[in-house]
$ cat input.tsv   # TSV, C-alpha atoms and all ligand atoms
chain	number	residue	atom	x	y	z
A	1	MET	CA	13.63	19.03	17.56
A	2	LYS	CA	13.20	16.11	15.17
A	3	LYS	CA	13.59	17.14	11.59
A	4	ILE	CA	11.91	15.04	8.92
A	5	GLU	CA	14.34	14.22	6.10
A	6	ALA	CA	12.46	11.54	4.19
A	7	PHE	CA	8.91	10.79	3.11
A	8	ILE	CA	8.04	7.11	2.70
A	9	PHE	CA	4.97	6.62	0.52
A	10	ASP	CA	2.68	3.64	0.47
A	11	LEU	CA	1.49	2.87	-3.06
A	12	ASP	CA	-1.96	1.24	-3.22
A	13	GLY	CA	-4.58	3.66	-1.90
A	14	VAL	CA	-2.14	6.58	-1.55
A	15	LEU	CA	-0.62	7.29	-4.98
A	16	THR	CA	-3.03	5.14	-7.01
A	17	ASP	CA	-6.34	3.44	-6.38
A	18	THR	CA	-5.37	-0.17	-6.97
A	19	ALA	CA	-7.31	-0.92	-3.76
A	20	GLU	CA	-10.39	-1.12	-5.99
A	21	TYR	CA	-8.68	-3.60	-8.35
A	22	HIS	CA	-7.59	-5.74	-5.38
A	23	TYR	CA	-11.21	-5.73	-4.20
A	24	GLN	CA	-12.57	-6.80	-7.58
A	25	ALA	CA	-10.02	-9.61	-7.87
A	26	TRP	CA	-10.73	-10.94	-4.35
A	27	LYS	CA	-14.48	-10.61	-4.93
A	28	ARG	CA	-14.28	-12.70	-8.12
A	29	LEU	CA	-12.30	-15.41	-6.29
A	30	ALA	CA	-14.64	-15.33	-3.28
A	31	ASP	CA	-17.72	-15.64	-5.54
A	32	GLU	CA	-16.16	-18.58	-7.38
A	33	GLU	CA	-15.45	-20.29	-4.07
A	34	GLY	CA	-18.82	-19.41	-2.51
A	35	LEU	CA	-17.13	-17.36	0.22
A	36	PRO	CA	-18.95	-14.33	1.69
A	37	PHE	CA	-17.01	-11.13	0.93
A	38	ASN	CA	-18.09	-7.51	0.55
A	39	ARG	CA	-16.60	-4.01	0.42
A	40	ARG	CA	-16.70	-3.74	4.20
A	41	ASP	CA	-14.67	-6.94	4.59
A	42	ASN	CA	-12.27	-5.54	1.98
A	43	GLU	CA	-11.39	-2.56	4.21
A	44	LYS	CA	-9.58	-4.98	6.54
A	45	LEU	CA	-7.37	-6.14	3.64
A	46	ARG	CA	-5.87	-2.73	2.89
A	47	GLY	CA	-2.09	-2.91	3.18
A	48	VAL	CA	-2.27	-6.56	4.24
A	49	SER	CA	-0.21	-9.18	2.31
A	50	ARG	CA	-1.79	-11.51	-0.24
A	51	ARG	CA	-1.62	-14.56	2.03
A	52	ALA	CA	-2.89	-12.72	5.12
A	53	SER	CA	-5.73	-11.27	3.00
A	54	LEU	CA	-6.79	-14.74	1.89
A	55	GLU	CA	-6.63	-15.98	5.49
A	56	LEU	CA	-8.97	-13.14	6.50
A	57	ILE	CA	-11.41	-14.12	3.72
A	58	LEU	CA	-11.25	-17.83	4.59
A	59	LYS	CA	-11.71	-17.13	8.33
A	60	ASP	CA	-11.25	-20.51	10.03
A	61	ARG	CA	-12.20	-22.74	7.06
A	62	PRO	CA	-9.67	-25.58	6.78
A	63	VAL	CA	-7.89	-25.35	3.41
A	64	SER	CA	-4.78	-27.22	2.21
A	65	GLU	CA	-1.56	-25.33	1.47
A	66	GLU	CA	-1.85	-26.40	-2.17
A	67	LYS	CA	-5.34	-24.90	-2.47
A	68	ILE	CA	-4.20	-21.71	-0.69
A	69	ARG	CA	-1.40	-21.28	-3.24
A	70	GLU	CA	-3.77	-21.95	-6.13
A	71	MET	CA	-6.26	-19.38	-4.85
A	72	MET	CA	-3.53	-16.76	-4.31
A	73	GLU	CA	-2.30	-17.31	-7.87
A	74	ARG	CA	-5.81	-17.13	-9.30
A	75	LYS	CA	-6.53	-13.86	-7.47
A	76	ASN	CA	-3.21	-12.45	-8.60
A	77	GLY	CA	-4.02	-13.32	-12.21
A	78	TYR	CA	-7.31	-11.40	-11.94
A	79	TYR	CA	-5.52	-8.48	-10.29
A	80	ARG	CA	-2.75	-8.36	-12.89
A	81	SER	CA	-5.26	-8.30	-15.74
A	82	HIS	CA	-6.47	-4.94	-14.35
A	83	LEU	CA	-2.89	-3.63	-14.40
A	84	GLU	CA	-2.60	-4.13	-18.16
A	85	TRP	CA	-4.60	-0.96	-18.80
A	86	MET	CA	-2.95	1.09	-16.13
A	87	ASP	CA	-0.97	4.26	-16.91
A	88	GLU	CA	-0.33	7.78	-15.52
A	89	LYS	CA	-4.07	8.49	-15.60
A	90	ASP	CA	-4.38	6.12	-12.66
A	91	LEU	CA	-2.35	8.36	-10.37
A	92	LEU	CA	-4.58	9.83	-7.65
A	93	PRO	CA	-5.16	13.62	-7.61
A	94	GLY	CA	-2.17	15.51	-6.25
A	95	ALA	CA	0.22	12.53	-6.39
A	96	VAL	CA	2.76	14.01	-8.82
A	97	ASP	CA	2.31	17.45	-7.28
A	98	ILE	CA	3.31	16.32	-3.77
A	99	LEU	CA	6.29	14.32	-5.08
A	100	GLU	CA	7.50	17.34	-7.06
A	101	LYS	CA	6.99	19.70	-4.11
A	102	LEU	CA	8.91	17.45	-1.73
A	103	LYS	CA	11.76	17.02	-4.22
A	104	SER	CA	12.04	20.77	-4.66
A	105	LYS	CA	12.24	21.16	-0.87
A	106	GLY	CA	15.15	18.70	-0.79
A	107	CYS	CA	13.20	15.90	0.96
A	108	ARG	CA	14.30	12.35	0.25
A	109	LEU	CA	11.63	10.05	-1.15
A	110	ALA	CA	11.01	6.32	-0.83
A	111	LEU	CA	8.21	3.90	-1.55
A	112	ALA	CA	7.14	1.04	0.73
A	113	SER	CA	4.37	-1.22	-0.54
A	114	ALA	CA	3.25	-4.61	0.76
A	115	SER	CA	2.51	-5.59	-2.83
A	116	LYS	CA	4.68	-7.98	-4.81
A	117	ASN	CA	3.24	-6.26	-7.88
A	118	ALA	CA	4.52	-2.82	-6.82
A	119	PRO	CA	7.39	-2.76	-9.39
A	120	THR	CA	4.87	-3.31	-12.24
A	121	VAL	CA	2.53	-0.63	-10.90
A	122	VAL	CA	5.37	1.88	-10.44
A	123	LYS	CA	6.52	1.26	-14.01
A	124	ARG	CA	3.00	1.72	-15.38
A	125	LEU	CA	2.54	4.96	-13.44
A	126	LYS	CA	6.01	6.16	-14.54
A	127	ILE	CA	6.95	7.39	-11.05
A	128	GLY	CA	10.00	5.22	-10.35
A	129	SER	CA	12.52	8.03	-10.84
A	130	TYR	CA	11.13	9.99	-7.86
A	131	PHE	CA	12.24	7.38	-5.32
A	132	GLU	CA	15.68	6.64	-3.91
A	133	VAL	CA	14.44	3.36	-2.45
A	134	ILE	CA	11.55	1.15	-3.55
A	135	ALA	CA	10.59	-1.62	-1.13
A	136	ASP	CA	7.83	-4.11	-1.94
A	137	GLY	CA	6.27	-7.37	-0.80
A	138	ASN	CA	9.48	-9.21	-1.75
A	139	SER	CA	11.77	-7.02	0.37
A	140	VAL	CA	10.99	-8.49	3.81
A	141	GLU	CA	9.38	-11.63	5.26
A	142	LYS	CA	6.97	-9.95	7.64
A	143	THR	CA	4.87	-7.27	5.99
A	144	LYS	CA	2.55	-4.67	7.56
A	145	PRO	CA	1.50	-4.38	10.43
A	146	ALA	CA	5.05	-5.53	11.30
A	147	PRO	CA	7.52	-2.60	11.18
A	148	ASP	CA	10.02	-4.53	8.99
A	149	LEU	CA	9.23	-2.95	5.60
A	150	PHE	CA	9.61	0.61	6.90
A	151	LEU	CA	12.76	-0.27	8.86
A	152	PHE	CA	14.17	-1.85	5.69
A	153	VAL	CA	13.63	1.48	3.91
A	154	SER	CA	15.17	3.64	6.65
A	155	GLU	CA	18.22	1.35	6.69
A	156	LYS	CA	18.58	1.66	2.92
A	157	LEU	CA	18.28	5.44	3.24
A	158	ASN	CA	20.78	5.30	6.09
A	159	LEU	CA	18.42	7.41	8.21
A	160	LEU	CA	17.07	7.00	11.73
A	161	PRO	CA	13.33	6.10	11.80
A	162	GLU	CA	12.55	9.38	13.58
A	163	LYS	CA	13.77	11.28	10.51
A	164	CYS	CA	11.12	9.56	8.37
A	165	ILE	CA	7.42	10.19	7.91
A	166	VAL	CA	5.15	7.56	6.37
A	167	VAL	CA	2.12	8.30	4.16
A	168	GLU	CA	-0.37	5.40	4.43
A	169	ASP	CA	-4.03	4.61	3.74
A	170	ALA	CA	-4.25	1.40	5.78
A	171	GLU	CA	-4.76	0.76	9.46
A	172	ALA	CA	-2.12	-1.99	9.18
A	173	GLY	CA	0.26	0.48	7.52
A	174	ILE	CA	-0.13	3.16	10.19
A	175	ALA	CA	0.43	0.49	12.87
A	176	ALA	CA	3.58	-0.70	11.05
A	177	ALA	CA	4.99	2.83	10.71
A	178	LYS	CA	4.33	3.58	14.40
A	179	ALA	CA	5.95	0.29	15.40
A	180	ALA	CA	8.97	1.39	13.35
A	181	GLY	CA	9.12	4.65	15.34
A	182	MET	CA	8.16	6.89	12.43
A	183	ALA	CA	5.78	9.83	12.18
A	184	THR	CA	2.61	9.14	10.19
A	185	ILE	CA	0.23	10.77	7.72
A	186	GLY	CA	-3.04	8.88	7.32
A	187	ILE	CA	-4.90	9.12	4.02
A	188	GLY	CA	-8.60	8.36	4.36
A	189	PRO	CA	-11.35	8.42	6.96
A	190	PRO	CA	-10.52	8.65	10.69
A	191	GLU	CA	-12.30	5.29	11.24
A	192	ARG	CA	-9.45	3.75	9.23
A	193	VAL	CA	-6.39	5.93	9.84
A	194	GLY	CA	-7.41	7.60	13.11
A	195	GLU	CA	-4.17	6.53	14.80
A	196	ALA	CA	-2.05	8.66	12.44
A	197	ASP	CA	-0.35	11.90	13.58
A	198	HIS	CA	-1.96	13.82	10.69
A	199	ILE	CA	-5.03	12.84	8.69
A	200	TYR	CA	-6.04	14.05	5.21
A	201	PRO	CA	-8.67	12.83	2.74
A	202	GLY	CA	-6.10	12.49	-0.08
A	203	VAL	CA	-2.47	13.35	-0.86
A	204	TRP	CA	-3.79	16.48	-2.63
A	205	ALA	CA	-4.84	17.82	0.79
A	206	ILE	CA	-1.53	17.36	2.64
A	207	LYS	CA	-0.34	20.67	4.12
A	208	LEU	CA	3.42	20.41	4.30
A	209	GLU	CA	3.67	23.27	6.79
A	210	GLU	CA	1.65	21.12	9.25
A	211	VAL	CA	3.80	18.02	8.92
A	212	LEU	CA	7.35	19.27	8.43
B	1	LIG	P1	-0.01	-8.26	-3.88
B	1	LIG	P2	0.17	-1.32	-0.32
B	1	LIG	C1	-0.95	-3.76	-0.53
B	1	LIG	O1	-0.28	-2.68	-1.10
B	1	LIG	C2	-2.45	-3.64	-0.77
B	1	LIG	O2	-2.99	-2.54	-0.08
B	1	LIG	C3	-3.14	-4.90	-0.28
B	1	LIG	O3	-4.53	-4.83	-0.53
B	1	LIG	C4	-2.54	-6.12	-0.99
B	1	LIG	O4	-3.13	-7.33	-0.53
B	1	LIG	C5	-1.04	-6.14	-0.73
B	1	LIG	O5	-0.46	-4.93	-1.19
B	1	LIG	C6	-0.36	-7.31	-1.42
B	1	LIG	O6	-0.45	-7.16	-2.81
B	1	LIG	O7	-1.03	-9.35	-3.84
B	1	LIG	O8	0.02	-7.47	-5.17
B	1	LIG	O9	1.37	-8.75	-3.47
B	1	LIG	O10	-1.09	-0.64	0.12
B	1	LIG	O11	1.07	-1.75	0.81
B	1	LIG	O12	0.90	-0.55	-1.41
B	2	MG	MG	-2.08	1.11	0.87
$ encode --input "input.tsv" --output "structure tokens"
Amino acid sequence: MKKIEAFIFDLDGVLTDTAEYHYQAWKRLADEEGLPFNRRDNEKLRGVSRRASLELILKDRPVSEEKIREMMERKNGYYRSHLEWMDEKDLLPGAVDILEKLKSKGCRLALASASKNAPTVVKRLKIGSYFEVIADGNSVEKTKPAPDLFLFVSEKLNLLPEKCIVVEDAEAGIAAAKAAGMATIGIGPPERVGEADHIYPGVWAIKLEEVL
């Protein structure tokens, strides 16, 4: 039987709700540019890289590379201004509890976020010391739904993918973890994370006896 040795946590939408800050930053940019964008459209951006997110918002509008870069920077500036006020209060319910529980059971812990801002967020939340490996949007070229980020983590942990379980809130993240050959815990509604092996409404609800 496969025995899970490591938990790989996504960050945005799993341990903290920066998904809302990403939405507000994209919405401000979209409004400035006269682009239609609402909360439903935003669901498709969960776990997706900054550039791929912008491409989804632009649809097939022709835009120069220079303008794309400018828009990505502008959105990132809006997003980072939200991070200035962030601290441990922004951890989602049960986040520290599950990390502590897993540590005490001897599970290895890693973090895999598509965000280039993940190091700043981790610092603000003061959770860096829980993780043996922290991979972010700078760690690999192809981010979720490609398996690369999760495979990067399992290599760093020196573990086979089948020994890892991924905790994700995004459809793209569950697809990436499955493509990497890892077990999955989906956080959120079945419409979004229905492909996961286990589904819970939040990390607070994870029942370790069901997943280990
Ligand atoms: P940045 P995760 C992802 O983080 C977010 O879910 C996604 O909405 C965002 O576009 C992406 O990071 C890139 O973020 O612009 O900060 O590099 O869910 O993989 O932790
Ligand atoms: Mg996420």
$ residues_near_ligand --input "input.tsv" --ligand "ligand LIG 1 (chain B)" --cutoff "7 Å" --atoms "only C-alpha atoms and all ligand atoms" --output "PDB file with C-alpha atoms, in the coordinates of the input"
ATOM      1  CA  ASP A  10       2.680   3.640   0.470  1.00  0.00           C
ATOM      2  CA  LEU A  11       1.490   2.870  -3.060  1.00  0.00           C
ATOM      3  CA  ASP A  12      -1.960   1.240  -3.220  1.00  0.00           C
ATOM      4  CA  GLY A  13      -4.580   3.660  -1.900  1.00  0.00           C
ATOM      5  CA  ALA A  19      -7.310  -0.920  -3.760  1.00  0.00           C
ATOM      6  CA  HIS A  22      -7.590  -5.740  -5.380  1.00  0.00           C
ATOM      7  CA  LEU A  45      -7.370  -6.140   3.640  1.00  0.00           C
ATOM      8  CA  ARG A  46      -5.870  -2.730   2.890  1.00  0.00           C
ATOM      9  CA  GLY A  47      -2.090  -2.910   3.180  1.00  0.00           C
ATOM     10  CA  VAL A  48      -2.270  -6.560   4.240  1.00  0.00           C
ATOM     11  CA  SER A  49      -0.210  -9.180   2.310  1.00  0.00           C
ATOM     12  CA  ARG A  50      -1.790 -11.510  -0.240  1.00  0.00           C
ATOM     13  CA  SER A  53      -5.730 -11.270   3.000  1.00  0.00           C
ATOM     14  CA  ASN A  76      -3.210 -12.450  -8.600  1.00  0.00           C
ATOM     15  CA  ALA A 112       7.140   1.040   0.730  1.00  0.00           C
ATOM     16  CA  SER A 113       4.370  -1.220  -0.540  1.00  0.00           C
ATOM     17  CA  ALA A 114       3.250  -4.610   0.760  1.00  0.00           C
ATOM     18  CA  SER A 115       2.510  -5.590  -2.830  1.00  0.00           C
ATOM     19  CA  LYS A 116       4.680  -7.980  -4.810  1.00  0.00           C
ATOM     20  CA  ASN A 117       3.240  -6.260  -7.880  1.00  0.00           C
ATOM     21  CA  ALA A 118       4.520  -2.820  -6.820  1.00  0.00           C
ATOM     22  CA  GLY A 137       6.270  -7.370  -0.800  1.00  0.00           C
ATOM     23  CA  ALA A 170      -4.250   1.400   5.780  1.00  0.00           C
TER      24      ALA A 170
END
$ closest_residue --input "input.tsv" --among "A:Leu58, A:Val96, A:Leu111, A:Met182" --to "ligand MG 2 (chain B)" --atoms "all atoms listed in the file"
A:Leu111
$ atom_distance --input "input.tsv" --atom1 "atom CA of Tyr21 of chain A" --atom2 "atom CA of Phe150 of chain A"
24.2 Å
$ residues_around --input "input.tsv" --residues "Tyr79 of chain A" --least-positions-apart "6" --cutoff "9 Å" --atoms "all atoms listed in the file" --output "NGL selection string"
:A and (18 or 21-26)
$ closest_residue --input "input.tsv" --among "A:Pro161, A:Gly186, A:Gly202, A:Gly173" --to "ligand MG 2 (chain B)" --atoms "only C-alpha atoms and all ligand atoms"
A:Gly173
$ closest_residue --input "input.tsv" --among "A:Leu159, A:Met71, A:Leu91, A:Ala6" --to "Lys123 of chain A" --atoms "all atoms listed in the file"
A:Leu91
